[in-house]
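Raw contents of upload06.cif, mmCIF, C-alpha atoms:
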data_data
#
loop_
_atom_site.label_atom_id
_atom_site.label_comp_id
_atom_site.auth_asym_id
_atom_site.auth_seq_id
_atom_site.Cartn_x
_atom_site.Cartn_y
_atom_site.Cartn_z
CA MET H 1 112.42 106.20 92.09
CA LYS H 2 113.05 105.37 95.74
CA ALA H 3 111.13 102.48 97.24
CA ALA H 4 111.03 100.63 100.56
CA PHE H 5 111.61 96.92 99.99
CA LEU H 6 110.68 94.31 102.56
CA THR H 7 113.68 92.00 102.23
CA GLY H 8 113.12 89.60 105.11
CA VAL H 9 111.66 89.26 108.58
CA ARG H 10 111.93 92.68 110.27
CA THR H 11 114.16 93.93 107.47
CA ILE H 12 113.35 96.91 105.24
CA GLU H 13 115.75 98.48 102.76
CA VAL H 14 115.16 101.74 100.88
CA ARG H 15 116.55 101.28 97.38
CA GLU H 16 116.44 102.82 93.95
CA ALA H 17 113.98 101.02 91.68
CA PRO H 18 112.66 101.62 88.15
CA THR H 19 109.67 103.95 88.07
CA PRO H 20 106.63 101.97 86.90
CA ARG H 21 105.79 102.54 83.23
CA LEU H 22 102.38 102.73 81.61
CA VAL H 23 101.83 99.42 79.84
CA ARG H 24 98.07 99.24 79.28
CA ASP H 25 95.89 101.98 77.88
CA ASP H 26 93.99 102.18 81.17
CA ASP H 27 97.07 102.46 83.40
CA VAL H 28 97.42 105.36 85.85
CA LEU H 29 100.72 106.36 87.41
CA VAL H 30 100.22 107.85 90.88
CA ARG H 31 102.79 109.84 92.86
CA SER H 32 102.40 108.45 96.39
CA LYS H 33 101.66 111.07 99.04
CA ALA H 34 100.45 108.97 101.98
CA VAL H 35 100.74 105.23 102.62
CA GLY H 36 99.38 103.60 105.76
CA VAL H 37 101.12 100.77 107.58
CA CYS H 38 98.41 98.11 107.87
CA GLY H 39 98.22 95.15 110.22
CA SER H 40 98.51 92.80 107.25
CA ASP H 41 101.73 94.59 106.25
CA LEU H 42 103.01 93.87 109.74
CA HIS H 43 102.25 90.16 109.28
CA TYR H 44 104.71 90.16 106.36
CA TYR H 45 107.18 92.19 108.38
CA MET H 46 107.12 90.00 111.49
CA SER H 47 106.77 86.52 109.97
CA ASP H 48 107.72 84.72 106.77
CA HIS H 49 104.35 82.92 106.69
CA VAL H 50 100.82 84.21 107.06
CA GLY H 51 97.80 81.92 107.25
CA GLY H 52 99.69 79.10 105.55
CA ASP H 53 101.09 81.31 102.77
CA VAL H 54 104.86 81.62 102.50
CA VAL H 55 106.08 85.20 102.10
CA ARG H 56 108.39 85.73 99.13
CA TYR H 57 110.99 88.46 99.60
CA PRO H 58 111.95 91.03 98.43
CA PHE H 59 108.91 93.10 97.49
CA ILE H 60 107.51 96.60 97.91
CA PRO H 61 104.64 96.55 100.44
CA GLY H 62 101.89 99.08 101.09
CA HIS H 63 98.28 99.04 99.92
CA GLU H 64 96.68 101.95 101.80
CA CYS H 65 97.89 104.42 99.22
CA ALA H 66 96.72 107.88 98.12
CA GLY H 67 98.45 110.44 95.96
CA ILE H 68 98.42 112.62 92.85
CA VAL H 69 97.96 111.34 89.32
CA GLU H 70 101.25 111.79 87.44
CA GLU H 71 100.50 110.20 84.07
CA VAL H 72 97.62 108.32 82.42
CA GLY H 73 97.16 105.89 79.56
CA LYS H 74 95.47 107.06 76.38
CA ALA H 75 92.14 105.38 77.23
CA VAL H 76 91.82 106.93 80.72
CA THR H 77 88.92 109.39 81.16
CA ARG H 78 88.02 109.15 84.86
CA VAL H 79 91.12 110.95 86.16
CA LYS H 80 93.80 113.23 84.76
CA PRO H 81 97.27 114.38 85.82
CA GLY H 82 97.06 116.52 88.94
CA ASP H 83 93.98 114.78 90.35
CA ALA H 84 94.11 113.40 93.91
CA VAL H 85 93.11 109.73 94.17
CA VAL H 86 93.09 106.80 96.54
CA ILE H 87 93.96 103.43 95.05
CA GLU H 88 91.68 100.42 95.48
CA PRO H 89 94.44 97.82 95.98
CA ALA H 90 92.54 94.73 94.77
CA VAL H 91 92.85 94.36 91.00
CA SER H 92 90.30 91.88 89.64
CA CYS H 93 90.09 90.36 86.18
CA GLY H 94 86.48 91.37 85.47
CA ALA H 95 85.78 88.16 83.54
CA CYS H 96 85.68 85.17 85.92
CA ASP H 97 82.55 83.77 87.58
CA GLN H 98 83.20 85.77 90.76
CA CYS H 99 83.60 89.08 88.95
CA ARG H 100 80.53 88.44 86.80
CA THR H 101 78.39 87.82 89.88
CA GLY H 102 79.45 90.98 91.68
CA ARG H 103 82.27 89.52 93.77
CA PRO H 104 85.46 91.09 92.35
CA HIS H 105 87.09 90.85 95.79
CA THR H 106 87.10 87.03 95.44
CA CYS H 107 88.18 87.13 91.80
CA ARG H 108 89.79 83.87 90.64
CA ARG H 109 92.78 85.86 89.33
CA LEU H 110 92.86 88.58 91.95
CA LEU H 111 96.07 90.58 92.34
CA PHE H 112 96.72 92.86 95.31
CA LEU H 113 98.87 95.95 95.65
CA GLY H 114 101.81 95.33 97.97
CA HIS H 115 101.09 91.61 98.34
CA SER H 116 104.02 89.22 98.31
CA GLY H 117 104.34 87.70 94.82
CA GLU H 118 101.60 89.88 93.30
CA LEU H 119 101.64 93.64 92.60
CA THR H 120 104.24 96.27 93.54
CA GLY H 121 102.99 98.23 96.55
CA GLY H 122 102.65 101.90 97.29
CA MET H 123 105.56 102.22 99.74
CA ALA H 124 107.48 104.07 97.03
CA GLU H 125 107.53 107.38 95.22
CA PHE H 126 105.19 106.05 92.52
CA ALA H 127 102.54 103.36 92.21
CA LEU H 128 100.73 101.99 89.16
CA ALA H 129 97.06 100.97 89.05
CA PRO H 130 94.28 100.53 86.49
CA GLU H 131 91.93 103.47 86.01
CA ARG H 132 89.02 101.52 87.56
CA ASN H 133 91.06 101.20 90.78
CA CYS H 134 91.66 104.95 91.17
CA VAL H 135 88.95 106.65 93.22
CA PRO H 136 89.00 110.46 92.95
CA LEU H 137 89.27 112.42 96.20
CA PRO H 138 87.15 115.54 96.75
CA ALA H 139 89.08 118.80 96.76
CA LYS H 140 88.97 119.26 100.54
CA MET H 141 90.17 115.73 101.39
CA SER H 142 93.84 115.25 102.21
CA ALA H 143 95.96 112.39 100.94
CA VAL H 144 96.18 111.07 104.50
CA GLN H 145 92.39 110.96 104.74
CA GLY H 146 92.38 109.21 101.38
CA ALA H 147 94.76 106.54 102.64
CA LEU H 148 92.51 106.04 105.69
CA ALA H 149 89.50 105.46 103.42
CA GLU H 150 90.92 102.05 102.48
CA PRO H 151 90.79 100.50 105.99
CA LEU H 152 87.46 102.25 106.57
CA SER H 153 86.10 100.53 103.46
CA ILE H 154 86.87 97.16 105.06
CA ALA H 155 84.97 98.20 108.19
CA LEU H 156 81.98 99.34 106.12
CA TYR H 157 81.95 96.06 104.23
CA ALA H 158 82.22 94.05 107.46
CA THR H 159 79.34 95.87 109.15
CA GLY H 160 77.29 95.55 105.97
CA LEU H 161 77.80 91.77 105.96
CA ALA H 162 76.29 91.69 109.46
CA GLY H 163 73.00 93.00 108.07
CA SER H 164 71.12 95.89 109.62
CA VAL H 165 72.96 97.02 112.75
CA ARG H 166 70.48 99.69 113.81
CA GLY H 167 69.66 99.34 117.50
CA LYS H 168 71.72 96.16 117.86
CA THR H 169 74.28 95.56 120.58
CA ALA H 170 77.79 94.74 119.40
CA ALA H 171 81.34 94.09 120.51
CA VAL H 172 84.51 94.86 118.59
CA LEU H 173 87.38 92.67 119.77
CA GLY H 174 90.60 94.40 118.80
CA THR H 175 90.73 98.14 118.17
CA GLY H 176 93.61 98.72 115.84
CA PRO H 177 92.78 101.09 112.97
CA ILE H 178 90.32 98.69 111.32
CA GLY H 179 88.66 97.80 114.64
CA LEU H 180 88.34 101.50 115.42
CA SER H 181 86.83 101.98 111.97
CA VAL H 182 84.33 99.21 112.71
CA VAL H 183 83.30 101.03 115.90
CA MET H 184 82.78 104.24 113.92
CA ALA H 185 80.88 102.44 111.16
CA LEU H 186 78.56 100.79 113.69
CA LYS H 187 77.81 104.09 115.39
CA ALA H 188 77.30 105.88 112.07
CA ASP H 189 74.68 103.28 111.11
CA GLY H 190 72.74 103.57 114.37
CA ALA H 191 73.96 100.58 116.38
CA GLY H 192 73.03 100.37 120.05
CA ALA H 193 75.64 99.87 122.75
CA VAL H 194 79.08 99.06 121.33
CA TYR H 195 81.65 97.31 123.54
CA ALA H 196 85.34 97.37 122.55
CA THR H 197 88.29 95.37 123.82
CA GLU H 198 92.00 95.92 123.26
CA ILE H 199 95.25 94.95 125.00
CA VAL H 200 97.17 98.11 123.93
CA GLU H 201 96.34 101.00 126.23
CA ALA H 202 96.50 103.77 123.60
CA ARG H 203 94.15 101.85 121.32
CA GLU H 204 91.73 101.08 124.13
CA LYS H 205 91.54 104.82 124.84
CA ALA H 206 91.09 105.52 121.13
CA ALA H 207 88.06 103.20 121.11
CA ALA H 208 86.24 105.66 123.35
CA THR H 209 87.13 108.46 120.93
CA ALA H 210 85.72 106.31 118.12
CA GLY H 211 82.42 106.06 119.99
CA ALA H 212 82.58 102.86 122.01
CA ASP H 213 80.24 102.88 125.01
CA TRP H 214 82.49 100.61 127.08
CA THR H 215 86.09 99.48 126.75
CA GLY H 216 88.08 96.73 128.43
CA ASN H 217 91.51 95.11 128.34
CA PRO H 218 91.32 91.27 128.20
CA GLU H 219 94.79 91.00 129.75
CA ARG H 220 93.66 92.88 132.86
CA GLU H 221 90.04 91.83 133.30
CA ASP H 222 87.41 89.25 132.42
CA ILE H 223 85.86 91.09 129.49
CA VAL H 224 83.16 88.45 128.95
CA ALA H 225 81.93 88.88 132.53
CA GLY H 226 82.26 92.65 132.27
CA ILE H 227 80.11 92.84 129.15
CA LEU H 228 77.54 90.23 130.16
CA THR H 229 77.04 92.05 133.46
CA ARG H 230 75.72 94.90 131.31
CA GLU H 231 74.08 92.74 128.61
CA SER H 232 72.75 89.71 130.46
CA LEU H 233 71.09 88.18 127.38
CA GLY H 234 74.24 88.47 125.29
CA LEU H 235 75.10 90.52 122.24
CA ASP H 236 73.57 90.58 118.78
CA LEU H 237 76.88 91.02 116.97
CA VAL H 238 80.57 90.48 117.63
CA PHE H 239 83.33 91.61 115.27
CA GLU H 240 86.63 89.78 115.80
CA VAL H 241 89.32 92.15 114.48
CA CYS H 242 92.59 90.95 115.99
CA GLY H 243 93.09 87.45 114.55
CA GLU H 244 93.45 85.77 117.94
CA GLN H 245 92.00 82.43 119.04
CA SER H 246 91.21 83.87 122.47
CA ALA H 247 89.06 86.57 120.85
CA LEU H 248 87.10 83.98 118.86
CA ASP H 249 86.39 82.12 122.11
CA GLN H 250 85.28 85.35 123.77
CA ALA H 251 83.02 86.12 120.81
CA VAL H 252 81.19 82.81 121.10
CA ALA H 253 80.70 83.38 124.84
CA LEU H 254 79.39 86.91 124.30
CA LEU H 255 76.84 86.21 121.58
CA LYS H 256 73.18 85.56 122.31
CA PRO H 257 71.41 82.65 120.57
CA GLY H 258 70.97 83.56 116.93
CA GLY H 259 73.80 86.09 117.12
CA THR H 260 76.33 86.80 114.38
CA LEU H 261 80.12 86.56 114.57
CA VAL H 262 81.91 88.57 111.88
CA VAL H 263 85.53 87.47 111.49
CA VAL H 264 87.62 90.39 110.21
CA GLY H 265 90.99 89.58 111.81
CA ILE H 266 93.67 87.59 109.99
CA PRO H 267 95.29 84.89 112.15
CA VAL H 268 98.98 84.23 111.51
CA GLU H 269 98.37 80.49 111.91
CA PRO H 270 96.37 78.67 109.21
CA ARG H 271 93.83 77.06 111.58
CA VAL H 272 91.49 78.34 114.28
CA SER H 273 88.78 76.48 116.19
CA PHE H 274 85.37 76.95 117.79
CA ASP H 275 83.57 75.18 120.61
CA SER H 276 81.21 73.33 118.27
CA SER H 277 78.65 72.63 121.01
CA LYS H 278 78.30 76.30 121.94
CA VAL H 279 78.22 77.47 118.33
CA ARG H 280 75.58 74.86 117.46
CA ARG H 281 73.42 75.27 120.55
CA LYS H 282 73.32 79.04 120.12
CA GLU H 283 72.95 78.66 116.34
CA ILE H 284 75.61 81.30 115.84
CA ARG H 285 76.12 82.57 112.33
CA VAL H 286 79.81 82.91 111.41
CA GLN H 287 80.56 85.39 108.63
CA ASN H 288 84.09 85.72 107.28
CA VAL H 289 85.32 88.91 105.63
CA ARG H 290 87.56 89.02 102.56
CA ARG H 291 88.91 92.56 102.37
CA GLN H 292 86.07 94.69 100.93
CA ASN H 293 83.70 94.85 98.01
CA LYS H 294 82.68 98.15 96.39
CA CYS H 295 82.89 100.19 99.61
CA LEU H 296 85.84 102.52 98.90
CA GLU H 297 83.76 105.24 97.25
CA LYS H 298 81.33 105.12 100.20
CA ALA H 299 84.26 105.43 102.64
CA VAL H 300 85.57 108.47 100.79
CA ALA H 301 82.12 110.07 100.87
CA MET H 302 81.63 109.40 104.59
CA ILE H 303 84.98 110.98 105.45
CA HIS H 304 84.37 113.92 103.12
CA THR H 305 80.97 114.72 104.63
CA GLY H 306 82.22 114.29 108.19
CA ARG H 307 79.84 111.45 108.91
CA ILE H 308 82.87 109.46 110.03
CA LYS H 309 85.82 111.40 111.48
CA VAL H 310 89.15 109.63 110.99
CA ASP H 311 91.64 112.40 111.75
CA PHE H 312 92.49 110.98 115.20
CA LEU H 313 93.74 107.71 113.68
CA PRO H 314 97.10 108.80 112.20
CA THR H 315 99.45 109.47 115.09
CA HIS H 316 102.90 108.98 113.56
CA PHE H 317 104.33 110.22 110.25
CA TYR H 318 107.54 109.10 108.56
CA LYS H 319 109.53 109.87 105.45
CA LEU H 320 110.13 107.01 103.04
CA GLU H 321 113.72 106.75 104.24
CA ASP H 322 112.37 105.98 107.71
CA ALA H 323 109.99 103.21 106.63
CA ARG H 324 111.69 100.64 108.86
CA GLU H 325 111.14 102.86 111.89
CA ALA H 326 107.47 103.20 110.89
CA TYR H 327 107.08 99.42 110.76
CA GLU H 328 108.97 98.87 114.01
CA THR H 329 106.91 101.48 115.83
CA ALA H 330 103.66 99.97 114.58
CA ALA H 331 104.76 96.38 115.22
CA GLU H 332 105.83 97.09 118.80
CA HIS H 333 102.93 99.50 119.55
CA ARG H 334 105.47 102.11 120.62
CA ASP H 335 104.80 105.66 121.71
CA GLY H 336 101.01 105.38 121.66
CA VAL H 337 100.90 104.66 117.93
CA ILE H 338 97.47 104.09 116.38
CA LYS H 339 98.26 104.43 112.66
CA ALA H 340 101.70 105.05 111.16
CA ILE H 341 101.73 106.89 107.85
CA VAL H 342 104.65 107.02 105.43
CA THR H 343 104.77 110.11 103.20
CA PRO H 344 106.95 109.35 100.15
#
Structure encoded using structure tokens:
Amino acid sequence: MKAAFLTGVRTIEVREAPTPRLVRDDDVLVRSKAVGVCGSDLHYYMSDHVGGDVVRYPFIPGHECAGIVEEVGKAVTRVKPGDAVVIEPAVSCGACDQCRTGRPHTCRRLLFLGHSGELTGGMAEFALAPERNCVPLPAKMSAVQGALAEPLSIALYATGLAGSVRGKTAAVLGTGPIGLSVVMALKADGAGAVYATEIVEAREKAAATAGADWTGNPEREDIVAGILTRESLGLDLVFEVCGEQSALDQAVALLKPGGTLVVVGIPVEPRVSFDSSKVRRKEIRVQNVRRQNKCLEKAVAMIHTGRIKVDFLPTHFYKLEDAREAYETAAEHRDGVIKAIVTP
């Protein structure tokens, strides 16, 4: 099969590679039809270290993957050849203390699709996953919509960790595809006013399409003053979705006493900081997010029913041979890109 290998910083090579073979009885071979370029993929593309982890090249990236079942192991009953599926990229062991207590996303032996040093990703003609990680897509859902269900699942998990959002005021700092999904998830669950900030013009505009009541660019204006002018008591919730220290500082300034900061973004550097006096005096709750937990099926259902409309997110489509161009376009925010999709 053909596959796009990340071979170094800002280097992608499309090579021939062995097609994955069924090894376990519950294995499912999926022919990739749509693979999203995620912000975490771009971390690997633009730097050889992420959050203190050293990236090991070469490897096949891509974890937002949907396609058609090609072949199944003899114990598989959930899906069959010809079925459309989206792959849950986090493969847990099912036996450790985390898995047994309902936290497979923090499994002690967790492996992730397209993660350096772990599992082969979906940026190829075929991908392999256990049956339990293959979520069937309804007949009227496209593979592209299926791929978008994965980032939406992270947004649904993040908003769920914040507790009930109904009627609450919120800010989403950073409106890439996951930030935009957070905006949509908040609105779908009945949040009050939602404020969104973004430095890339096309994504700031997209935040309004996603349902944000106000948008601002922190490189052009004082977004804290702009929001607090409208919400003088501060906000109930802030979702940091860009992995920037400046956004964490803005979040603390925006929250009212007793407010909640949900940290979704992944900083490239291993350490971030908070103004301890402000966090303590306001008694701000800080909730970190580790990918998602059991939200992919819900994301598929919400897209299928039209409760959340994601079709404006994919703006650029590329063949597998053009994977490097897809990554470069996404990394440099070229040509109004929101989400780049590779179609093997």
- Task: Apply the PyMOL selection byres ((chain H and resi 144-157) around 8) to the displayed file and report the matching residues as an MDAnalysis selection string.
- Result: chainID H and resid 33:36 64:66 85:86 88 137 141:143 158:161 177:179 181:182 185 291:293 295:296 298:300 303 310:311 341
- What is the distance, in Å and to one decimal place, between CA of Ala340 (chain H) and CA of Phe312 (chain H)? 11.7 Å
What's the 10 Å shell around Lys168 (chain H), counting all atoms listed in the file, without same-chain residues fewer than 2 positions away, as an mmCIF file with C-alpha atoms, keeping the file's coordinate frame?
data_model
loop_
_atom_site.group_PDB
_atom_site.id
_atom_site.type_symbol
_atom_site.label_atom_id
_atom_site.label_comp_id
_atom_site.auth_asym_id
_atom_site.auth_seq_id
_atom_site.Cartn_x
_atom_site.Cartn_y
_atom_site.Cartn_z
ATOM 1 C CA SER H 164 71.120 95.890 109.620
ATOM 2 C CA VAL H 165 72.960 97.020 112.750
ATOM 3 C CA ARG H 166 70.480 99.690 113.810
ATOM 4 C CA ALA H 170 77.790 94.740 119.400
ATOM 5 C CA LEU H 186 78.560 100.790 113.690
ATOM 6 C CA GLY H 190 72.740 103.570 114.370
ATOM 7 C CA ALA H 191 73.960 100.580 116.380
ATOM 8 C CA GLY H 192 73.030 100.370 120.050
ATOM 9 C CA ALA H 193 75.640 99.870 122.750
ATOM 10 C CA VAL H 194 79.080 99.060 121.330
ATOM 11 C CA LEU H 235 75.100 90.520 122.240
ATOM 12 C CA ASP H 236 73.570 90.580 118.780
ATOM 13 C CA LEU H 237 76.880 91.020 116.970
#
Which protein, DNA or RNA residues have an atom at most 8 Å from (92.1, 91.9, 87.6), counting only C-alpha atoms? List them as a tab-separated table (two decimals) with C-alpha atoms, in the frame of the given file.
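File out.tsv, as written:
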chain	number	residue	atom	x	y	z
H	90	ALA	CA	92.54	94.73	94.77
H	91	VAL	CA	92.85	94.36	91.00
H	92	SER	CA	90.30	91.88	89.64
H	93	CYS	CA	90.09	90.36	86.18
H	94	GLY	CA	86.48	91.37	85.47
H	107	CYS	CA	88.18	87.13	91.80
H	109	ARG	CA	92.78	85.86	89.33
H	110	LEU	CA	92.86	88.58	91.95
H	111	LEU	CA	96.07	90.58	92.34
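Each of H:Ile227, H:Val69, H:Ala129, H:Met1 was compared to Asp25 (chain H) using all atoms listed in the file, and H:Ala129 turns out to be the nearest.
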- Item | Nearby residues (all atoms listed in the file) at most 8 Å from Pro218 (chain H), same-chain spacing under 6 positions excluded, as a ChimeraX atom specification | /H:197-199
Output check: residues returned by the PyMOL selection byres ((chain H and resi 321-335) around 12), as a PDB file with C-alpha atoms, in the coordinates of the input:
ATOM      1  CA  LYS H   2     113.050 105.370  95.740  1.00  0.00           C
ATOM      2  CA  ALA H   3     111.130 102.480  97.240  1.00  0.00           C
ATOM      3  CA  ALA H   4     111.030 100.630 100.560  1.00  0.00           C
ATOM      4  CA  PHE H   5     111.610  96.920  99.990  1.00  0.00           C
ATOM      5  CA  LEU H   6     110.680  94.310 102.560  1.00  0.00           C
ATOM      6  CA  THR H   7     113.680  92.000 102.230  1.00  0.00           C
ATOM      7  CA  GLY H   8     113.120  89.600 105.110  1.00  0.00           C
ATOM      8  CA  VAL H   9     111.660  89.260 108.580  1.00  0.00           C
ATOM      9  CA  ARG H  10     111.930  92.680 110.270  1.00  0.00           C
ATOM     10  CA  THR H  11     114.160  93.930 107.470  1.00  0.00           C
ATOM     11  CA  ILE H  12     113.350  96.910 105.240  1.00  0.00           C
ATOM     12  CA  GLU H  13     115.750  98.480 102.760  1.00  0.00           C
ATOM     13  CA  VAL H  14     115.160 101.740 100.880  1.00  0.00           C
ATOM     14  CA  ARG H  15     116.550 101.280  97.380  1.00  0.00           C
ATOM     15  CA  GLU H  16     116.440 102.820  93.950  1.00  0.00           C
ATOM     16  CA  VAL H  35     100.740 105.230 102.620  1.00  0.00           C
ATOM     17  CA  GLY H  36      99.380 103.600 105.760  1.00  0.00           C
ATOM     18  CA  VAL H  37     101.120 100.770 107.580  1.00  0.00           C
ATOM     19  CA  CYS H  38      98.410  98.110 107.870  1.00  0.00           C
ATOM     20  CA  GLY H  39      98.220  95.150 110.220  1.00  0.00           C
ATOM     21  CA  SER H  40      98.510  92.800 107.250  1.00  0.00           C
ATOM     22  CA  ASP H  41     101.730  94.590 106.250  1.00  0.00           C
ATOM     23  CA  LEU H  42     103.010  93.870 109.740  1.00  0.00           C
ATOM     24  CA  HIS H  43     102.250  90.160 109.280  1.00  0.00           C
ATOM     25  CA  TYR H  44     104.710  90.160 106.360  1.00  0.00           C
ATOM     26  CA  TYR H  45     107.180  92.190 108.380  1.00  0.00           C
ATOM     27  CA  MET H  46     107.120  90.000 111.490  1.00  0.00           C
ATOM     28  CA  SER H  47     106.770  86.520 109.970  1.00  0.00           C
ATOM     29  CA  ILE H  60     107.510  96.600  97.910  1.00  0.00           C
ATOM     30  CA  PRO H  61     104.640  96.550 100.440  1.00  0.00           C
ATOM     31  CA  GLY H  62     101.890  99.080 101.090  1.00  0.00           C
ATOM     32  CA  GLY H 122     102.650 101.900  97.290  1.00  0.00           C
ATOM     33  CA  MET H 123     105.560 102.220  99.740  1.00  0.00           C
ATOM     34  CA  ALA H 124     107.480 104.070  97.030  1.00  0.00           C
ATOM     35  CA  GLU H 125     107.530 107.380  95.220  1.00  0.00           C
ATOM     36  CA  GLY H 176      93.610  98.720 115.840  1.00  0.00           C
ATOM     37  CA  PRO H 177      92.780 101.090 112.970  1.00  0.00           C
ATOM     38  CA  ILE H 199      95.250  94.950 125.000  1.00  0.00           C
ATOM     39  CA  VAL H 200      97.170  98.110 123.930  1.00  0.00           C
ATOM     40  CA  GLU H 201      96.340 101.000 126.230  1.00  0.00           C
ATOM     41  CA  ALA H 202      96.500 103.770 123.600  1.00  0.00           C
ATOM     42  CA  ARG H 203      94.150 101.850 121.320  1.00  0.00           C
ATOM     43  CA  PRO H 314      97.100 108.800 112.200  1.00  0.00           C
ATOM     44  CA  THR H 315      99.450 109.470 115.090  1.00  0.00           C
ATOM     45  CA  HIS H 316     102.900 108.980 113.560  1.00  0.00           C
ATOM     46  CA  PHE H 317     104.330 110.220 110.250  1.00  0.00           C
ATOM     47  CA  TYR H 318     107.540 109.100 108.560  1.00  0.00           C
ATOM     48  CA  LYS H 319     109.530 109.870 105.450  1.00  0.00           C
ATOM     49  CA  LEU H 320     110.130 107.010 103.040  1.00  0.00           C
ATOM     50  CA  GLY H 336     101.010 105.380 121.660  1.00  0.00           C
ATOM     51  CA  VAL H 337     100.900 104.660 117.930  1.00  0.00           C
ATOM     52  CA  ILE H 338      97.470 104.090 116.380  1.00  0.00           C
ATOM     53  CA  LYS H 339      98.260 104.430 112.660  1.00  0.00           C
ATOM     54  CA  ALA H 340     101.700 105.050 111.160  1.00  0.00           C
ATOM     55  CA  ILE H 341     101.730 106.890 107.850  1.00  0.00           C
ATOM     56  CA  VAL H 342     104.650 107.020 105.430  1.00  0.00           C
ATOM     57  CA  THR H 343     104.770 110.110 103.200  1.00  0.00           C
ATOM     58  CA  PRO H 344     106.950 109.350 100.150  1.00  0.00           C
TER      59      PRO H 344
END
Please define a box with edges along x, y and z of the file around all atoms of region 191-196 of chain H given in the file, extend it by 6 Å on each side, and return its centre and edge lengths in Å to one decimal, as AutoDock Vina command-line options.
--center_x 79.2 --center_y 98.9 --center_z 120.0 --size_x 24.3 --size_y 15.3 --size_z 19.2
Env of Ile68 (chain H): 8 Å cut, atoms = only C-alpha atoms, seq-sep filter 2 positions within chain, self excluded. Answer as a compact mmCIF listing (two decimals) with C-alpha atoms, in the frame of the given file.
# COMPACT_ATOMS: atom_id res chain seq x y z
CA VAL H 30 100.22 107.85 90.88
CA ARG H 31 102.79 109.84 92.86
CA SER H 32 102.40 108.45 96.39
CA LYS H 33 101.66 111.07 99.04
CA ALA H 66 96.72 107.88 98.12
CA GLU H 70 101.25 111.79 87.44
CA PRO H 81 97.27 114.38 85.82
CA GLY H 82 97.06 116.52 88.94
CA ASP H 83 93.98 114.78 90.35
CA ALA H 84 94.11 113.40 93.91
CA VAL H 85 93.11 109.73 94.17
- Query: Which is closest to Cys99 (chain H) among H:Phe126, H:Lys140, H:Lys294, H:Gly121, if we use all atoms listed in the file?
  - Reply: H:Lys294
- List the residues selected by the PyMOL selection byres ((chain H and resi 255) around 7) in the file shown, writing them as number ranges by chain. H: 234-238, 251-254, 256-257, 259
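Note that the spacing between CA of Asp222 (chain H) and CA of Ala171 (chain H) amounts to 14.2 Å.
With distances taken over all atoms listed in the file, H:Leu128 is the one residue among H:Ala139, H:Ala247, H:Leu113, H:Leu128 lying closest to Arg24 (chain H).
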- List every protein, DNA or RNA residue that has at least one atom no more than 7 Å from (90.2, 102.4, 92.4) in the file's coordinates, counting all atoms listed in the file, and write the result as number ranges by chain. H: 86-88, 131-135
Writing out the chosen residues with C-alpha atoms as a compact mmCIF listing (two decimals), keeping the file's coordinate frame:
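See out_24.txt below for the written result:
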# COMPACT_ATOMS: atom_id res chain seq x y z
CA VAL H 86 93.09 106.80 96.54
CA ILE H 87 93.96 103.43 95.05
CA GLU H 88 91.68 100.42 95.48
CA GLU H 131 91.93 103.47 86.01
CA ARG H 132 89.02 101.52 87.56
CA ASN H 133 91.06 101.20 90.78
CA CYS H 134 91.66 104.95 91.17
CA VAL H 135 88.95 106.65 93.22
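The nearest approach to Asp53 (chain H) among the residues H:Gly306, H:Met184, H:Gly117, H:Pro130, with only C-alpha atoms taken into account, belongs to H:Gly117.
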Rebuild region 20-29 of chain H to N, CA and C atoms - output it as a JSON list (two decimals), in the coordinates of the input, please.
[["chain", "number", "residue", "atom", "x", "y", "z"],
["H", 20, "PRO", "N", 107.57, 102.75, 87.73],
["H", 20, "PRO", "CA", 106.63, 101.97, 86.90],
["H", 20, "PRO", "C", 106.27, 102.71, 85.61],
["H", 21, "ARG", "N", 106.13, 101.96, 84.53],
["H", 21, "ARG", "CA", 105.79, 102.54, 83.23],
["H", 21, "ARG", "C", 104.38, 102.16, 82.83],
["H", 22, "LEU", "N", 103.70, 103.05, 82.14],
["H", 22, "LEU", "CA", 102.38, 102.73, 81.61],
["H", 22, "LEU", "C", 102.54, 101.63, 80.58],
["H", 23, "VAL", "N", 101.79, 100.55, 80.76],
["H", 23, "VAL", "CA", 101.83, 99.42, 79.84],
["H", 23, "VAL", "C", 100.50, 99.28, 79.11],
["H", 24, "ARG", "N", 99.41, 99.36, 79.86],
["H", 24, "ARG", "CA", 98.07, 99.24, 79.28],
["H", 24, "ARG", "C", 97.47, 100.63, 79.07],
["H", 25, "ASP", "N", 96.52, 100.70, 78.18],
["H", 25, "ASP", "CA", 95.89, 101.98, 77.88],
["H", 25, "ASP", "C", 95.13, 102.56, 79.06],
["H", 26, "ASP", "N", 94.74, 101.70, 80.02],
["H", 26, "ASP", "CA", 93.99, 102.18, 81.17],
["H", 26, "ASP", "C", 94.86, 102.35, 82.42],
["H", 27, "ASP", "N", 96.17, 102.31, 82.26],
["H", 27, "ASP", "CA", 97.07, 102.46, 83.40],
["H", 27, "ASP", "C", 97.09, 103.91, 83.89],
["H", 28, "VAL", "N", 97.27, 104.05, 85.22],
["H", 28, "VAL", "CA", 97.42, 105.36, 85.85],
["H", 28, "VAL", "C", 98.65, 105.30, 86.75],
["H", 29, "LEU", "N", 99.55, 106.26, 86.56],
["H", 29, "LEU", "CA", 100.72, 106.36, 87.41],
["H", 29, "LEU", "C", 100.43, 107.40, 88.49]]
